[in-house]
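Chemist: Supplied structure: entry.cif, mmCIF, C-alpha atoms.
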data_input
#
loop_
_atom_site.group_PDB
_atom_site.id
_atom_site.type_symbol
_atom_site.label_atom_id
_atom_site.label_comp_id
_atom_site.auth_asym_id
_atom_site.auth_seq_id
_atom_site.Cartn_x
_atom_site.Cartn_y
_atom_site.Cartn_z
ATOM 1 C CA MET F 223 30.966 -19.864 45.097
ATOM 2 C CA GLU F 224 34.599 -19.225 45.960
ATOM 3 C CA LYS F 225 35.341 -15.742 47.262
ATOM 4 C CA ARG F 226 38.184 -13.883 45.573
ATOM 5 C CA PRO F 227 40.773 -11.926 47.549
ATOM 6 C CA LYS F 228 40.006 -8.227 47.933
ATOM 7 C CA THR F 229 43.258 -7.415 46.134
ATOM 8 C CA THR F 230 42.010 -9.297 43.057
ATOM 9 C CA THR F 231 38.703 -7.439 43.050
ATOM 10 C CA TYR F 232 40.561 -4.145 43.541
ATOM 11 C CA SER F 233 42.983 -4.910 40.711
ATOM 12 C CA TYR F 234 40.125 -5.920 38.431
ATOM 13 C CA GLY F 235 38.406 -2.605 39.151
ATOM 14 C CA LYS F 236 41.554 -0.653 38.292
ATOM 15 C CA VAL F 237 42.174 -2.597 35.085
ATOM 16 C CA SER F 238 38.508 -2.068 34.143
ATOM 17 C CA GLU F 239 38.919 1.671 34.631
ATOM 18 C CA ALA F 240 42.108 1.644 32.537
ATOM 19 C CA VAL F 241 40.230 -0.106 29.717
ATOM 20 C CA ARG F 242 37.376 2.388 29.995
ATOM 21 C CA ARG F 243 39.823 5.273 29.660
ATOM 22 C CA LEU F 244 41.402 3.655 26.617
ATOM 23 C CA ALA F 245 38.048 3.013 24.974
ATOM 24 C CA VAL F 246 35.970 6.133 25.549
ATOM 25 C CA GLY F 247 38.416 8.980 25.898
ATOM 26 C CA ALA F 248 37.993 11.788 23.377
ATOM 27 C CA GLU F 249 41.732 12.414 23.202
ATOM 28 C CA GLY F 250 44.264 10.736 20.938
ATOM 29 C CA ILE F 251 45.662 7.300 21.747
ATOM 30 C CA LYS F 252 48.694 8.649 23.569
ATOM 31 C CA ASP F 253 46.661 10.829 25.908
ATOM 32 C CA ARG F 254 44.239 7.970 26.540
ATOM 33 C CA LEU F 255 47.200 5.707 27.258
ATOM 34 C CA ILE F 256 48.527 8.178 29.819
ATOM 35 C CA GLY F 257 45.127 8.230 31.554
ATOM 36 C CA ALA F 258 44.924 4.447 31.478
ATOM 37 C CA GLY F 259 48.497 4.142 32.725
ATOM 38 C CA GLN F 260 47.830 6.397 35.693
ATOM 39 C CA VAL F 261 45.094 4.020 36.839
ATOM 40 C CA PHE F 262 46.959 0.855 35.817
ATOM 41 C CA PHE F 263 49.825 1.658 38.174
ATOM 42 C CA CYS F 264 47.397 1.033 41.054
ATOM 43 C CA VAL F 265 47.123 -2.636 39.997
ATOM 44 C CA MET F 266 48.935 -4.780 42.522
ATOM 45 C CA SER F 267 50.948 -7.663 41.076
ATOM 46 C CA GLU F 268 49.909 -9.841 43.994
ATOM 47 C CA GLY F 269 46.290 -8.945 43.221
ATOM 48 C CA VAL F 270 46.264 -10.814 39.934
ATOM 49 C CA PRO F 271 46.578 -14.533 39.226
ATOM 50 C CA GLU F 272 50.179 -15.652 38.940
ATOM 51 C CA GLU F 273 49.886 -16.277 35.199
ATOM 52 C CA LEU F 274 49.110 -12.563 34.656
ATOM 53 C CA ARG F 275 51.846 -11.084 36.840
ATOM 54 C CA GLU F 276 54.430 -10.966 34.073
ATOM 55 C CA ASP F 277 51.903 -9.172 31.867
ATOM 56 C CA VAL F 278 51.286 -6.552 34.568
ATOM 57 C CA ILE F 279 55.018 -6.039 35.015
ATOM 58 C CA TRP F 280 55.492 -5.806 31.231
ATOM 59 C CA VAL F 281 52.870 -3.060 30.943
ATOM 60 C CA ARG F 282 54.433 -1.100 33.797
ATOM 61 C CA ASP F 283 57.896 -1.464 32.286
ATOM 62 C CA GLN F 284 56.699 -0.390 28.840
ATOM 63 C CA LEU F 285 54.941 2.665 30.279
ATOM 64 C CA THR F 286 58.065 3.837 32.114
ATOM 65 C CA ARG F 287 60.875 2.952 29.706
ATOM 66 C CA PHE F 288 62.189 6.510 29.666
ATOM 67 C CA PRO F 289 63.156 8.698 32.622
ATOM 68 C CA PRO F 290 61.201 11.780 33.665
ATOM 69 C CA ILE F 291 61.953 14.990 31.766
ATOM 70 C CA GLY F 292 61.666 18.210 33.741
ATOM 71 C CA SER F 293 58.293 18.283 35.475
ATOM 72 C CA GLU F 294 57.013 15.458 33.258
ATOM 73 C CA GLY F 295 56.960 12.065 34.970
ATOM 74 C CA ALA F 296 58.281 8.832 33.461
ATOM 75 C CA LEU F 297 54.812 7.814 32.236
ATOM 76 C CA ARG F 298 54.240 10.984 30.218
ATOM 77 C CA ALA F 299 57.849 11.127 29.024
ATOM 78 C CA THR F 300 57.638 7.537 27.816
ATOM 79 C CA VAL F 301 54.245 7.768 26.129
ATOM 80 C CA ARG F 302 55.260 10.969 24.324
ATOM 81 C CA ARG F 303 58.343 9.177 22.908
ATOM 82 C CA ILE F 304 56.918 5.807 21.905
ATOM 83 C CA ARG F 305 55.460 5.011 18.507
ATOM 84 C CA LYS F 306 51.737 4.585 18.095
ATOM 85 C CA THR F 307 52.308 0.917 17.258
ATOM 86 C CA THR F 308 53.983 0.438 20.636
ATOM 87 C CA GLY F 309 51.096 2.236 22.317
ATOM 88 C CA VAL F 310 48.684 -0.129 20.598
ATOM 89 C CA LYS F 311 50.679 -3.150 21.845
ATOM 90 C CA ILE F 312 50.471 -1.807 25.392
ATOM 91 C CA ALA F 313 46.736 -1.134 25.052
ATOM 92 C CA LYS F 314 46.185 -4.662 23.732
ATOM 93 C CA ARG F 315 48.050 -6.147 26.691
ATOM 94 C CA ILE F 316 45.973 -4.093 29.135
ATOM 95 C CA PHE F 317 42.832 -5.379 27.419
ATOM 96 C CA TYR F 318 44.159 -8.956 27.561
ATOM 97 C CA ILE F 319 44.752 -8.608 31.310
ATOM 98 C CA TYR F 320 41.249 -7.199 31.659
ATOM 99 C CA THR F 321 39.584 -10.106 29.842
ATOM 100 C CA ARG F 322 41.531 -12.691 31.813
ATOM 101 C CA LEU F 323 40.786 -10.974 35.133
ATOM 102 C CA GLN F 324 37.124 -10.627 34.214
ATOM 103 C CA ASP F 325 36.911 -14.352 33.597
ATOM 104 C CA TYR F 326 38.789 -15.053 36.826
ATOM 105 C CA VAL F 327 36.542 -12.797 38.926
ATOM 106 C CA GLU F 328 33.204 -13.668 37.343
ATOM 107 C CA HIS F 329 33.742 -17.425 36.841
ATOM 108 C CA PRO F 330 35.570 -18.888 39.843
#
Reformat the file's structure so that it appears as C-alpha cells.
Modeler:
Amino acid sequence: MEKRPKTTTYSYGKVSEAVRRLAVGAEGIKDRLIGAGQVFFCVMSEGVPEELREDVIWVRDQLTRFPPIGSEGALRATVRRIRKTTGVKIAKRIFYIYTRLQDYVEHP
C-alpha cells in the first residue's frame, strides 16, 4: 500500500471537517459556509492531487471575492453578500473535493 504525503492526509482531514460543518450545522447555509470556509482555508494546495488544485483555489477565491468590511474579514463579508445559489455552488465544490480526496486517500 502506497503511503500518502502527510500534507494530503492533513488536507483531507480539513476538507472532511469543512463538509461536516456544512452538513450538520444548525445555522443557516451562510453561517455554515462561514464555518466550513474557516476550516477550508487550512487546506494546502500542494496537499491535494494536482487535478484538484484549481478547485481548491476556486473555492478560496469565491469565499473571499469581497474585501473586509470594518471588523468583518473577507470571508464573512463575502458570504454575507453572495446569493444562496452561489453558496450552494461553493458547498458543492467543497463536497466534490472531499469525495475526490477520500477516494485518493482510501484507494491508492
Chemist: Applied to the shown file, which residues does the PyMOL selection byres ((chain F and resi 246-257) around 10) return, written as a VMD selection string?
Modeler: chain F and resid 239 to 245 258 to 262 285 297 to 306 309 to 310 312 to 313
Chemist: F:Thr230, F:Ser267, F:Ser238, F:Gln284: which is nearest Tyr320 (chain F), counting all atoms listed in the file?
Modeler: F:Ser238
Chemist: Pick out the closest residue to Arg275 (chain F) from this set: F:Gln324, F:His329, F:Ile319, F:Thr229. Count all atoms listed in the file.
Modeler: F:Ile319
Chemist: Could you list, as a list of chain:residue names, every residue within 9 Å of Arg282 (chain F), counting all atoms listed in the file and ignoring same-chain residues fewer than 4 positions away?
Modeler: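 Neighbouring residues, sequence-local ones excluded: F:Gly259, F:Phe262, F:Phe263, F:Asp277, F:Val278, F:Thr286, F:Arg287.
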Chemist: Please, what distance in Å, to one decimal, runs between CA of Lys311 (chain F) and CA of Cys264 (chain F)?
Modeler: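 Interatomic distance, CA of Lys311 (chain F) to CA of Cys264 (chain F): 19.9 Å.
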Chemist: One decimal, in Å: what's the spacing between CA of Leu274 (chain F) and CA of Thr231 (chain F)?
Modeler: 14.3 Å
Chemist: What does the structure give for the distance between CA of Val270 (chain F) and CA of Lys314 (chain F), in Å to one decimal?
Modeler: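 Interatomic distance here is 17.3 Å.
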Chemist: Using only C-alpha atoms, which protein or nucleic acid residues come within 8 Å of Val265 (chain F)? Drop anything in the same chain fewer than 4 positions from it, and give the result as a list in words.
Modeler: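 Counting only the stated atoms, we get Tyr232, Ser233, Tyr234, Lys236, Val237, Val261, Gly269 and Val278 of chain F.
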Chemist: Name the closest residue to Ala296 (chain F) among the candidates F:Glu268, F:Glu273, F:Asp325, F:Asp283; distances are taken between atoms, counting all atoms listed in the file.
Modeler: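 Residue with the minimum atom-to-atom distance to Ala296 (chain F): F:Asp283.
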Chemist: Box in all listed atoms of region 292-298 of chain F, axis-aligned, with 4 Å more on each side; write out centre and edge lengths in Å to one decimal as lines of an AutoDock Vina configuration file.
Modeler:
center_x = 58.0
center_y = 13.0
center_z = 32.8
size_x = 15.4
size_y = 18.5
size_z = 13.3
Chemist: What would region 293-304 of chain F look like with N, CA and C atoms in place, written as a tab-separated table (two decimals), keeping the file's coordinate frame?
Modeler:
chain	number	residue	atom	x	y	z
F	293	SER	N	59.42	18.53	34.57
F	293	SER	CA	58.29	18.28	35.48
F	293	SER	C	57.42	17.13	34.97
F	294	GLU	N	57.79	16.54	33.85
F	294	GLU	CA	57.01	15.46	33.26
F	294	GLU	C	57.50	14.13	33.82
F	295	GLY	N	56.59	13.35	34.39
F	295	GLY	CA	56.96	12.06	34.97
F	295	GLY	C	57.35	11.05	33.92
F	296	ALA	N	57.83	9.89	34.37
F	296	ALA	CA	58.28	8.83	33.46
F	296	ALA	C	57.16	8.35	32.54
F	297	LEU	N	55.93	8.27	33.06
F	297	LEU	CA	54.81	7.81	32.24
F	297	LEU	C	54.61	8.75	31.04
F	298	ARG	N	54.46	10.02	31.31
F	298	ARG	CA	54.24	10.98	30.22
F	298	ARG	C	55.44	11.05	29.28
F	299	ALA	N	56.64	11.06	29.85
F	299	ALA	CA	57.85	11.13	29.02
F	299	ALA	C	57.94	9.91	28.10
F	300	THR	N	57.58	8.75	28.62
F	300	THR	CA	57.64	7.54	27.82
F	300	THR	C	56.58	7.55	26.73
F	301	VAL	N	55.34	7.82	27.10
F	301	VAL	CA	54.24	7.77	26.13
F	301	VAL	C	54.46	8.81	25.02
F	302	ARG	N	55.01	9.94	25.35
F	302	ARG	CA	55.26	10.97	24.32
F	302	ARG	C	56.32	10.49	23.32
F	303	ARG	N	57.24	9.61	23.76
F	303	ARG	CA	58.34	9.18	22.91
F	303	ARG	C	58.07	7.89	22.13
F	304	ILE	N	57.13	7.08	22.58
F	304	ILE	CA	56.92	5.81	21.90
F	304	ILE	C	56.13	5.99	20.61
